[in-house]
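Below is one structure, written out as structure tokens; the observations come after it.
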Number of protein chains: 2
Amino acid sequence: MRISELSRSSGVPVPTIKYYLREGLLPSGERTGRNQAAYGGEHLRRLKLVRALVDVGGLSIAAVGDVIDVLEASDVVTHQVLGVVQRSMGSDDPPEADRAAQDEVRDFLARRGWETMADDPAARSLAGVVATARKLGHHRFAAQLDAYAEASVGIARQDLDYVLLHSEVDDVLESMVIATVLGDAALVALRKLAQRDASARLLGEE
Amino acid sequence: MRISELSRSSGVPVPTIKYYLREGLLPSGERTGRNQAAYGGEHLRRLKLVRALVDVGGLSIAAVGDVIDVLEASDVVTHQVLGVVQRSMGSDDPPEADRAAQDEVRDFLARRGWETMADDPAARSLAGVVATARKLGHHRFAAQLDAYAEASVGIARQDLDYVLLHSEVDDVLESMVIATVLGDAALVALRKLAQRDASARLLGEE
DNA sequence: CCATTCTGGATAGTGACACTTTCTACTATC
DNA sequence: GATAGTAGAAAGTGTCACTATCCAGAATGG
């Protein structure tokens, strides 16, 4: 497969593929001459993954690069990939949390038995969210966290089941990346639909 | 309050405040002279809201403008604000869904009794997610939707409760905006924490 | 054989975005 | 009366994700 066919079957313009090659998001094709190279199914597959991460996951090109690096490192454990993917998906630098917000999040983590995750980036961005809520006068927002967490636990169990179910079929690591990124997008969309449904029922249509 | 004090108490640089004024994100202060204006608490409050939408919600300046416009329109109903906020938060243009993905989402909506929301942007982006999953070889991803939806319904109920609870205290519309945007960020962070917890339990630490 | 199309690789340019900088002509304050 | 601050306008900046242009050489169709 030459680059034009790769472009045709992926829908990604040739110059963009070249750009991804330059950025190390795609391995270079097998050289068959001074200015000729052949690409295979793995390239197509990788290209689709990159586009999914960018288009659906909203990852920057640099973040996709980090994910790819982890996928290609051979000595990486499943549990670690999750961390890298999650970090790549996180916001660049969450607003800093003041003491009160940090305390609320610390208490919350303690209630759930999640104390060990206090310095996880996700916990920090959670503290940032709570701090922002407080600055906006929404001091009771933190009380929502328990309900959100309850739902999240159910979702996470689903996520794990899904990944483990696919562990024979495919590359587990890639499945984990895909499930994490697509799951996020799906969940956000579904929350919107559920909100609109609830809102329509309680507050009346339009 | 002059602009420098507004800057100091919000942490937003003066030139940025001027930029927001130009973009209509902030109403102009009350003129007290040819080149002097006074800003009040409502300006500070608005400024904090703008920063929350940008920093936590990841909204573009244009999207924040749309939200502000709706908040300032007096004849708007609660249920409509939700739609505008949700649209402002959505990705610009989700990947197009092929027939198979559309069918799966249609079936899913029918199972939930959500047929009426088939042309909601959130439903479209959901179809885009499913289509992307299929392109990546994850045909069973759509089966996850029911579990996600179940969790989303619980979350949405929480969200509504929260907004209605605050309907006396504050501006309901603003509460809705804040709860929707911050809730999204909180939920995404919590899913990560829950995933890491589940992953640590099932797959072993580190 | 030869005109046209395509190739990998390098370099430079583009458009959107969210600010920043700089400017001018004033005004407030010490 | 020197210094700092102000509104408003215009131009500039840095980042990002491409996109365009070149080039020498290779593939392909007639």
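In the structure tokens, chains take letters A, B, ... by order of appearance, with residues numbered from 1 within each chain and ligands from 1 in the order shown.
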Would you write out, as CSV, a table of all residues in region 59-149 of chain B that have an atom no more than 12 Å from an atom of region 14-27 of chain C, listing for each the closest atom pair and the distance in Å to one decimal, considering only C-alpha atoms (C1' of nucleotides) and ordering rows by chain and rising residue number?
```
residue,atom,partner,partner_atom,distance
B:Leu59,CA,C:DA18,C1',11.8
B:Ser60,CA,C:DC17,C1',8.7
B:Ile61,CA,C:DA18,C1',8.0
B:Ala62,CA,C:DC17,C1',10.1
```
DSSP-assigned alpha helix (DSSP H) members of region 70-103 of chain B, reported as a PDB file with N, CA, C and O atoms, in the first residue's frame:
```pdb
ATOM      1  N   VAL B  70     -27.522  33.833  26.309  1.00  0.00           N
ATOM      2  CA  VAL B  70     -28.732  33.163  26.782  1.00  0.00           C
ATOM      3  C   VAL B  70     -29.046  33.565  28.219  1.00  0.00           C
ATOM      4  O   VAL B  70     -30.199  33.772  28.589  1.00  0.00           O
ATOM      5  N   LEU B  71     -28.005  33.674  29.018  1.00  0.00           N
ATOM      6  CA  LEU B  71     -28.220  34.057  30.414  1.00  0.00           C
ATOM      7  C   LEU B  71     -28.819  35.461  30.505  1.00  0.00           C
ATOM      8  O   LEU B  71     -29.581  35.764  31.424  1.00  0.00           O
ATOM      9  N   GLU B  72     -28.457  36.305  29.546  1.00  0.00           N
ATOM     10  CA  GLU B  72     -28.928  37.688  29.609  1.00  0.00           C
ATOM     11  C   GLU B  72     -30.274  37.896  28.944  1.00  0.00           C
ATOM     12  O   GLU B  72     -30.941  38.897  29.217  1.00  0.00           O
ATOM     13  N   THR B  78     -35.899  27.788  31.555  1.00  0.00           N
ATOM     14  CA  THR B  78     -34.866  26.911  32.107  1.00  0.00           C
ATOM     15  C   THR B  78     -34.471  25.796  31.144  1.00  0.00           C
ATOM     16  O   THR B  78     -33.293  25.546  30.895  1.00  0.00           O
ATOM     17  N   HIS B  79     -35.487  25.141  30.626  1.00  0.00           N
ATOM     18  CA  HIS B  79     -35.231  23.986  29.781  1.00  0.00           C
ATOM     19  C   HIS B  79     -34.409  24.343  28.536  1.00  0.00           C
ATOM     20  O   HIS B  79     -33.638  23.538  28.033  1.00  0.00           O
ATOM     21  N   GLN B  80     -34.573  25.577  28.063  1.00  0.00           N
ATOM     22  CA  GLN B  80     -33.848  25.989  26.864  1.00  0.00           C
ATOM     23  C   GLN B  80     -32.385  26.264  27.152  1.00  0.00           C
ATOM     24  O   GLN B  80     -31.519  25.990  26.322  1.00  0.00           O
ATOM     25  N   VAL B  81     -32.133  26.835  28.325  1.00  0.00           N
ATOM     26  CA  VAL B  81     -30.754  27.152  28.691  1.00  0.00           C
ATOM     27  C   VAL B  81     -29.920  25.884  28.639  1.00  0.00           C
ATOM     28  O   VAL B  81     -28.797  25.865  28.133  1.00  0.00           O
ATOM     29  N   LEU B  82     -30.487  24.822  29.149  1.00  0.00           N
ATOM     30  CA  LEU B  82     -29.790  23.541  29.158  1.00  0.00           C
ATOM     31  C   LEU B  82     -29.305  23.183  27.761  1.00  0.00           C
ATOM     32  O   LEU B  82     -28.152  22.786  27.573  1.00  0.00           O
ATOM     33  N   GLY B  83     -30.206  23.353  26.795  1.00  0.00           N
ATOM     34  CA  GLY B  83     -29.840  23.035  25.418  1.00  0.00           C
ATOM     35  C   GLY B  83     -28.672  23.875  24.940  1.00  0.00           C
ATOM     36  O   GLY B  83     -27.718  23.356  24.355  1.00  0.00           O
ATOM     37  N   VAL B  84     -28.725  25.162  25.203  1.00  0.00           N
ATOM     38  CA  VAL B  84     -27.659  26.050  24.735  1.00  0.00           C
ATOM     39  C   VAL B  84     -26.337  25.711  25.405  1.00  0.00           C
ATOM     40  O   VAL B  84     -25.292  25.637  24.755  1.00  0.00           O
ATOM     41  N   VAL B  85     -26.385  25.485  26.706  1.00  0.00           N
ATOM     42  CA  VAL B  85     -25.156  25.149  27.422  1.00  0.00           C
ATOM     43  C   VAL B  85     -24.579  23.852  26.875  1.00  0.00           C
ATOM     44  O   VAL B  85     -23.382  23.745  26.602  1.00  0.00           O
ATOM     45  N   GLN B  86     -25.436  22.880  26.702  1.00  0.00           N
ATOM     46  CA  GLN B  86     -24.963  21.588  26.202  1.00  0.00           C
ATOM     47  C   GLN B  86     -24.345  21.722  24.829  1.00  0.00           C
ATOM     48  O   GLN B  86     -23.303  21.142  24.538  1.00  0.00           O
ATOM     49  N   ARG B  87     -24.967  22.519  23.976  1.00  0.00           N
ATOM     50  CA  ARG B  87     -24.442  22.701  22.624  1.00  0.00           C
ATOM     51  C   ARG B  87     -23.091  23.418  22.670  1.00  0.00           C
ATOM     52  O   ARG B  87     -22.175  23.092  21.921  1.00  0.00           O
ATOM     53  N   SER B  88     -22.983  24.372  23.584  1.00  0.00           N
ATOM     54  CA  SER B  88     -21.722  25.110  23.694  1.00  0.00           C
ATOM     55  C   SER B  88     -20.594  24.208  24.175  1.00  0.00           C
ATOM     56  O   SER B  88     -19.426  24.445  23.879  1.00  0.00           O
ATOM     57  N   MET B  89     -20.957  23.185  24.924  1.00  0.00           N
ATOM     58  CA  MET B  89     -19.941  22.297  25.465  1.00  0.00           C
ATOM     59  C   MET B  89     -19.553  21.201  24.490  1.00  0.00           C
ATOM     60  O   MET B  89     -18.516  20.578  24.646  1.00  0.00           O
ATOM     61  N   ARG B  99     -24.146   4.067   8.603  1.00  0.00           N
ATOM     62  CA  ARG B  99     -25.488   3.516   8.788  1.00  0.00           C
ATOM     63  C   ARG B  99     -25.566   2.567   9.984  1.00  0.00           C
ATOM     64  O   ARG B  99     -26.454   2.666  10.841  1.00  0.00           O
ATOM     65  N   ALA B 100     -24.620   1.661  10.078  1.00  0.00           N
ATOM     66  CA  ALA B 100     -24.653   0.657  11.144  1.00  0.00           C
ATOM     67  C   ALA B 100     -24.634   1.310  12.526  1.00  0.00           C
ATOM     68  O   ALA B 100     -25.392   0.924  13.422  1.00  0.00           O
ATOM     69  N   ALA B 101     -23.785   2.326  12.680  1.00  0.00           N
ATOM     70  CA  ALA B 101     -23.698   3.006  13.963  1.00  0.00           C
ATOM     71  C   ALA B 101     -24.991   3.748  14.266  1.00  0.00           C
ATOM     72  O   ALA B 101     -25.491   3.733  15.402  1.00  0.00           O
ATOM     73  N   GLN B 102     -25.539   4.393  13.240  1.00  0.00           N
ATOM     74  CA  GLN B 102     -26.802   5.099  13.430  1.00  0.00           C
ATOM     75  C   GLN B 102     -27.899   4.143  13.885  1.00  0.00           C
ATOM     76  O   GLN B 102     -28.703   4.462  14.761  1.00  0.00           O
ATOM     77  N   ASP B 103     -27.915   2.962  13.270  1.00  0.00           N
ATOM     78  CA  ASP B 103     -28.918   1.971  13.635  1.00  0.00           C
ATOM     79  C   ASP B 103     -28.767   1.562  15.094  1.00  0.00           C
ATOM     80  O   ASP B 103     -29.749   1.456  15.826  1.00  0.00           O
TER      81      ASP B 103
END
```
Q) For chain C, which residues have at least one atom within 12 Å of chain A, if we go by only C-alpha atoms (C1' of nucleotides)? Write them as a PyMOL selection string, please. A) chain C and resi 5-10
I need the residues from that last selection saved to file as a compact mmCIF listing (two decimals), in the first residue's frame (with N, CA, C and O atoms (P, O5', C5', C4', C3', O3' and C1' of nucleotides)), if you can.
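And here is the file that came out, again_7.txt:
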```txt
# COMPACT_ATOMS: atom_id res chain seq x y z
P DT C 5 -1.43 14.60 -15.04
O5' DT C 5 -1.07 13.56 -13.89
C5' DT C 5 -1.42 12.17 -14.06
C4' DT C 5 -0.71 11.36 -13.00
C3' DT C 5 -0.88 11.90 -11.56
O3' DT C 5 -1.47 10.88 -10.77
C1' DT C 5 1.37 11.30 -12.00
P DC C 6 -1.89 11.18 -9.22
O5' DC C 6 -0.66 10.57 -8.42
C5' DC C 6 -0.31 9.19 -8.61
C4' DC C 6 1.02 8.92 -7.92
C3' DC C 6 1.08 9.39 -6.46
O3' DC C 6 1.30 8.24 -5.62
C1' DC C 6 3.06 9.97 -7.66
P DT C 7 1.39 8.38 -4.05
O5' DT C 7 2.96 8.50 -3.85
C5' DT C 7 3.80 7.35 -4.07
C4' DT C 7 5.21 7.69 -3.69
C3' DT C 7 5.33 8.34 -2.32
O3' DT C 7 5.60 7.34 -1.37
C1' DT C 7 6.72 9.41 -3.98
P DG C 8 5.47 7.71 0.17
O5' DG C 8 6.91 8.31 0.50
C5' DG C 8 8.04 7.47 0.49
C4' DG C 8 9.29 8.28 0.74
C3' DG C 8 9.37 8.92 2.13
O3' DG C 8 10.70 8.78 2.62
C1' DG C 8 9.48 10.60 0.46
P DG C 9 11.07 9.14 4.09
O5' DG C 9 11.52 10.67 3.96
C5' DG C 9 12.66 11.00 3.17
C4' DG C 9 12.81 12.49 3.07
C3' DG C 9 12.62 13.25 4.39
O3' DG C 9 13.80 13.98 4.66
C1' DG C 9 11.48 14.31 2.62
P DA C 10 14.03 14.73 6.05
O5' DA C 10 14.00 16.26 5.59
C5' DA C 10 14.89 16.69 4.56
C4' DA C 10 14.48 18.09 4.13
C3' DA C 10 14.26 19.06 5.30
O3' DA C 10 15.10 20.19 5.17
C1' DA C 10 12.44 19.12 3.75
```
I need the contact residues of chain D against chain A, so if you could list those with any atom within 8 Å, counting only C-alpha atoms (C1' of nucleotides), and return them as a CSV table (one decimal) with all heavy atoms, in the first residue's frame, that would help.
```csv
chain,number,residue,atom,x,y,z
D,17,DA,P,-2.3,20.3,18.5
D,17,DA,OP1,-3.3,19.6,19.3
D,17,DA,OP2,-0.9,19.9,18.5
D,17,DA,O5',-2.8,20.2,16.9
D,17,DA,C5',-4.1,20.7,16.6
D,17,DA,C4',-4.2,20.8,15.1
D,17,DA,O4',-3.4,21.9,14.7
D,17,DA,C3',-3.7,19.6,14.3
D,17,DA,O3',-4.6,19.3,13.3
D,17,DA,C2',-2.3,20.0,13.8
D,17,DA,C1',-2.6,21.5,13.6
D,17,DA,N9,-1.4,22.3,13.5
D,17,DA,C8,-0.2,22.2,14.1
D,17,DA,N7,0.7,23.1,13.7
D,17,DA,C5,0.0,23.9,12.9
D,17,DA,C6,0.4,25.1,12.2
D,17,DA,N6,1.6,25.7,12.3
D,17,DA,N1,-0.6,25.7,11.4
D,17,DA,C2,-1.8,25.1,11.3
D,17,DA,N3,-2.3,24.0,11.9
D,17,DA,C4,-1.3,23.5,12.7
D,18,DC,P,-4.7,17.9,12.6
D,18,DC,OP1,-6.0,17.9,11.8
D,18,DC,OP2,-4.6,16.9,13.7
D,18,DC,O5',-3.4,17.7,11.7
D,18,DC,C5',-3.4,18.1,10.3
D,18,DC,C4',-3.7,19.5,10.0
D,18,DC,O4',-2.6,20.3,10.6
D,18,DC,C3',-3.7,19.8,8.6
D,18,DC,O3',-4.9,20.5,8.3
D,18,DC,C2',-2.5,20.7,8.3
D,18,DC,C1',-2.2,21.3,9.7
D,18,DC,N1,-0.8,21.6,9.9
D,18,DC,C2,-0.3,22.8,9.3
D,18,DC,O2,-1.0,23.5,8.6
D,18,DC,N3,1.0,23.1,9.5
D,18,DC,C4,1.8,22.3,10.2
D,18,DC,N4,3.1,22.6,10.4
D,18,DC,C5,1.3,21.1,10.8
D,18,DC,C6,0.0,20.8,10.6
D,19,DT,P,-5.5,20.4,6.8
D,19,DT,OP1,-6.8,21.1,6.8
D,19,DT,OP2,-5.5,19.0,6.4
D,19,DT,O5',-4.5,21.2,5.8
D,19,DT,C5',-4.6,22.6,5.7
D,19,DT,C4',-3.6,23.1,4.7
D,19,DT,O4',-2.3,23.1,5.3
D,19,DT,C3',-3.5,22.4,3.4
D,19,DT,O3',-3.7,23.4,2.4
D,19,DT,C2',-2.1,21.8,3.4
D,19,DT,C1',-1.3,22.7,4.3
D,19,DT,N1,-0.2,22.2,5.1
D,19,DT,C2,1.0,22.9,5.0
D,19,DT,O2,1.1,23.9,4.4
D,19,DT,N3,2.0,22.4,5.8
D,19,DT,C4,2.0,21.2,6.5
D,19,DT,O4,3.0,20.9,7.2
D,19,DT,C5,0.7,20.5,6.5
D,19,DT,C7,0.6,19.3,7.3
D,19,DT,C6,-0.3,21.0,5.8
D,25,DG,P,18.3,12.7,-8.6
D,25,DG,OP1,19.6,12.2,-8.1
D,25,DG,OP2,18.3,13.4,-10.0
D,25,DG,O5',17.2,11.6,-8.6
D,25,DG,C5',17.0,10.9,-7.4
D,25,DG,C4',15.7,10.2,-7.4
D,25,DG,O4',14.7,11.2,-7.7
D,25,DG,C3',15.5,9.2,-8.5
D,25,DG,O3',15.1,8.0,-7.8
D,25,DG,C2',14.3,9.7,-9.3
D,25,DG,C1',13.6,10.6,-8.4
D,25,DG,N9,12.7,11.6,-9.0
D,25,DG,C8,13.1,12.7,-9.7
D,25,DG,N7,12.1,13.4,-10.1
D,25,DG,C5,11.0,12.7,-9.6
D,25,DG,C6,9.6,13.0,-9.7
D,25,DG,O6,9.0,13.9,-10.3
D,25,DG,N1,8.8,12.0,-9.0
D,25,DG,C2,9.3,10.9,-8.4
D,25,DG,N2,8.4,10.1,-7.8
D,25,DG,N3,10.6,10.7,-8.2
D,25,DG,C4,11.4,11.6,-8.9
D,26,DA,P,15.3,6.6,-8.6
D,26,DA,OP1,16.0,5.6,-7.7
D,26,DA,OP2,15.8,6.8,-9.9
D,26,DA,O5',13.7,6.1,-8.7
D,26,DA,C5',13.0,5.9,-7.4
D,26,DA,C4',11.6,5.7,-7.7
D,26,DA,O4',11.0,6.8,-8.3
D,26,DA,C3',11.3,4.5,-8.7
D,26,DA,O3',10.3,3.7,-8.2
D,26,DA,C2',10.9,5.2,-10.0
D,26,DA,C1',10.2,6.5,-9.5
D,26,DA,N9,10.3,7.7,-10.3
D,26,DA,C8,11.4,8.3,-10.8
D,26,DA,N7,11.0,9.4,-11.5
D,26,DA,C5,9.7,9.5,-11.5
D,26,DA,C6,8.7,10.4,-12.0
D,26,DA,N6,9.1,11.4,-12.8
D,26,DA,N1,7.4,10.1,-11.8
D,26,DA,C2,7.1,9.1,-11.0
D,26,DA,N3,7.9,8.2,-10.5
D,26,DA,C4,9.2,8.4,-10.7
```
Q: Can you check which residues of region 5-175 of chain B DSSP gives as strand (DSSP E or B) on the backbone and send them as number ranges by chain?
A: B: 30-33, 36-38
Pull out every residue of chain B that has at least one atom within 6 Å of chain A, counting only C-alpha atoms, and report them as a CSV table (one decimal) with N, CA and C atoms, in the first residue's frame.
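What ended up in out.csv:
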```
chain,number,residue,atom,x,y,z
B,122,ALA,N,-26.3,15.8,21.0
B,122,ALA,CA,-25.6,14.8,21.9
B,122,ALA,C,-25.8,13.4,21.3
B,126,LEU,N,-23.0,10.9,19.9
B,126,LEU,CA,-23.0,9.5,20.4
B,126,LEU,C,-22.9,8.5,19.2
B,149,ALA,N,-25.9,4.5,30.2
B,149,ALA,CA,-27.1,5.3,30.3
B,149,ALA,C,-27.7,5.1,31.6
B,151,ALA,N,-26.3,4.7,34.4
B,151,ALA,CA,-25.6,5.5,35.4
B,151,ALA,C,-25.9,7.0,35.1
B,152,SER,N,-26.1,7.3,33.8
B,152,SER,CA,-26.3,8.7,33.5
B,152,SER,C,-27.7,9.2,34.0
B,153,VAL,N,-28.6,8.3,34.0
B,153,VAL,CA,-30.0,8.7,34.5
B,153,VAL,C,-29.9,9.1,36.0
B,156,ALA,N,-28.2,12.5,36.2
B,156,ALA,CA,-29.0,13.6,35.7
B,156,ALA,C,-30.0,13.9,36.8
B,186,ALA,N,-16.3,17.2,36.9
B,186,ALA,CA,-16.2,16.3,38.1
B,186,ALA,C,-16.4,14.8,37.7
B,189,ALA,N,-13.4,13.3,36.0
B,189,ALA,CA,-12.3,13.1,37.0
B,189,ALA,C,-12.6,11.9,37.9
B,190,LEU,N,-13.9,11.8,38.3
B,190,LEU,CA,-14.3,10.6,39.1
B,190,LEU,C,-14.2,9.3,38.4
B,191,ARG,N,-14.6,9.3,37.1
B,191,ARG,CA,-14.5,8.1,36.4
B,191,ARG,C,-13.0,7.6,36.4
B,194,ALA,N,-12.2,6.1,39.8
B,194,ALA,CA,-12.9,4.8,39.9
B,194,ALA,C,-12.2,3.8,39.1
B,195,GLN,N,-11.8,4.2,37.9
B,195,GLN,CA,-11.1,3.2,37.0
B,195,GLN,C,-9.8,2.8,37.6
```
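Shell of DA28 (chain C) at 10 Å, with only C-alpha atoms (C1' of nucleotides) counted and residues fewer than 2 places along the chain excluded, is Gln36 of chain B; DC30 of chain C; DA4, DG5 and DT6 of chain D.
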Using the selection just defined, write its residues with N, CA, C and O atoms (P, O5', C5', C4', C3', O3' and C1' of nucleotides) as an mmCIF file, in the first residue's frame.
```
data_model
loop_
_atom_site.group_PDB
_atom_site.id
_atom_site.type_symbol
_atom_site.label_atom_id
_atom_site.label_comp_id
_atom_site.auth_asym_id
_atom_site.auth_seq_id
_atom_site.Cartn_x
_atom_site.Cartn_y
_atom_site.Cartn_z
ATOM 1 N N GLN B 36 -13.027 56.937 32.298
ATOM 2 C CA GLN B 36 -13.112 56.273 33.589
ATOM 3 C C GLN B 36 -14.440 55.510 33.670
ATOM 4 O O GLN B 36 -15.465 55.990 33.188
ATOM 5 P P DC C 30 -3.512 58.749 47.002
ATOM 6 O "O5'" DC C 30 -1.992 59.145 47.284
ATOM 7 C "C5'" DC C 30 -0.937 58.418 46.646
ATOM 8 C "C4'" DC C 30 0.285 59.306 46.497
ATOM 9 C "C3'" DC C 30 0.721 60.008 47.787
ATOM 10 O "O3'" DC C 30 2.121 59.836 47.968
ATOM 11 C "C1'" DC C 30 0.503 61.575 46.036
ATOM 12 P P DA D 4 5.644 55.488 38.558
ATOM 13 O "O5'" DA D 4 4.103 55.120 38.657
ATOM 14 C "C5'" DA D 4 3.368 55.376 39.872
ATOM 15 C "C4'" DA D 4 1.892 55.251 39.592
ATOM 16 C "C3'" DA D 4 1.522 54.030 38.732
ATOM 17 O "O3'" DA D 4 0.456 53.342 39.365
ATOM 18 C "C1'" DA D 4 0.565 55.984 37.836
ATOM 19 P P DG D 5 -0.124 52.002 38.800
ATOM 20 O "O5'" DG D 5 -1.540 52.450 38.217
ATOM 21 C "C5'" DG D 5 -2.487 53.098 39.081
ATOM 22 C "C4'" DG D 5 -3.633 53.602 38.239
ATOM 23 C "C3'" DG D 5 -4.262 52.545 37.325
ATOM 24 O "O3'" DG D 5 -5.653 52.515 37.571
ATOM 25 C "C1'" DG D 5 -3.789 54.508 36.120
ATOM 26 P P DT D 6 -6.618 51.501 36.793
ATOM 27 O "O5'" DT D 6 -7.153 52.408 35.608
ATOM 28 C "C5'" DT D 6 -8.120 53.426 35.864
ATOM 29 C "C4'" DT D 6 -8.621 53.945 34.535
ATOM 30 C "C3'" DT D 6 -9.019 52.820 33.579
ATOM 31 O "O3'" DT D 6 -10.429 52.753 33.515
ATOM 32 C "C1'" DT D 6 -7.736 54.539 32.494
#
```
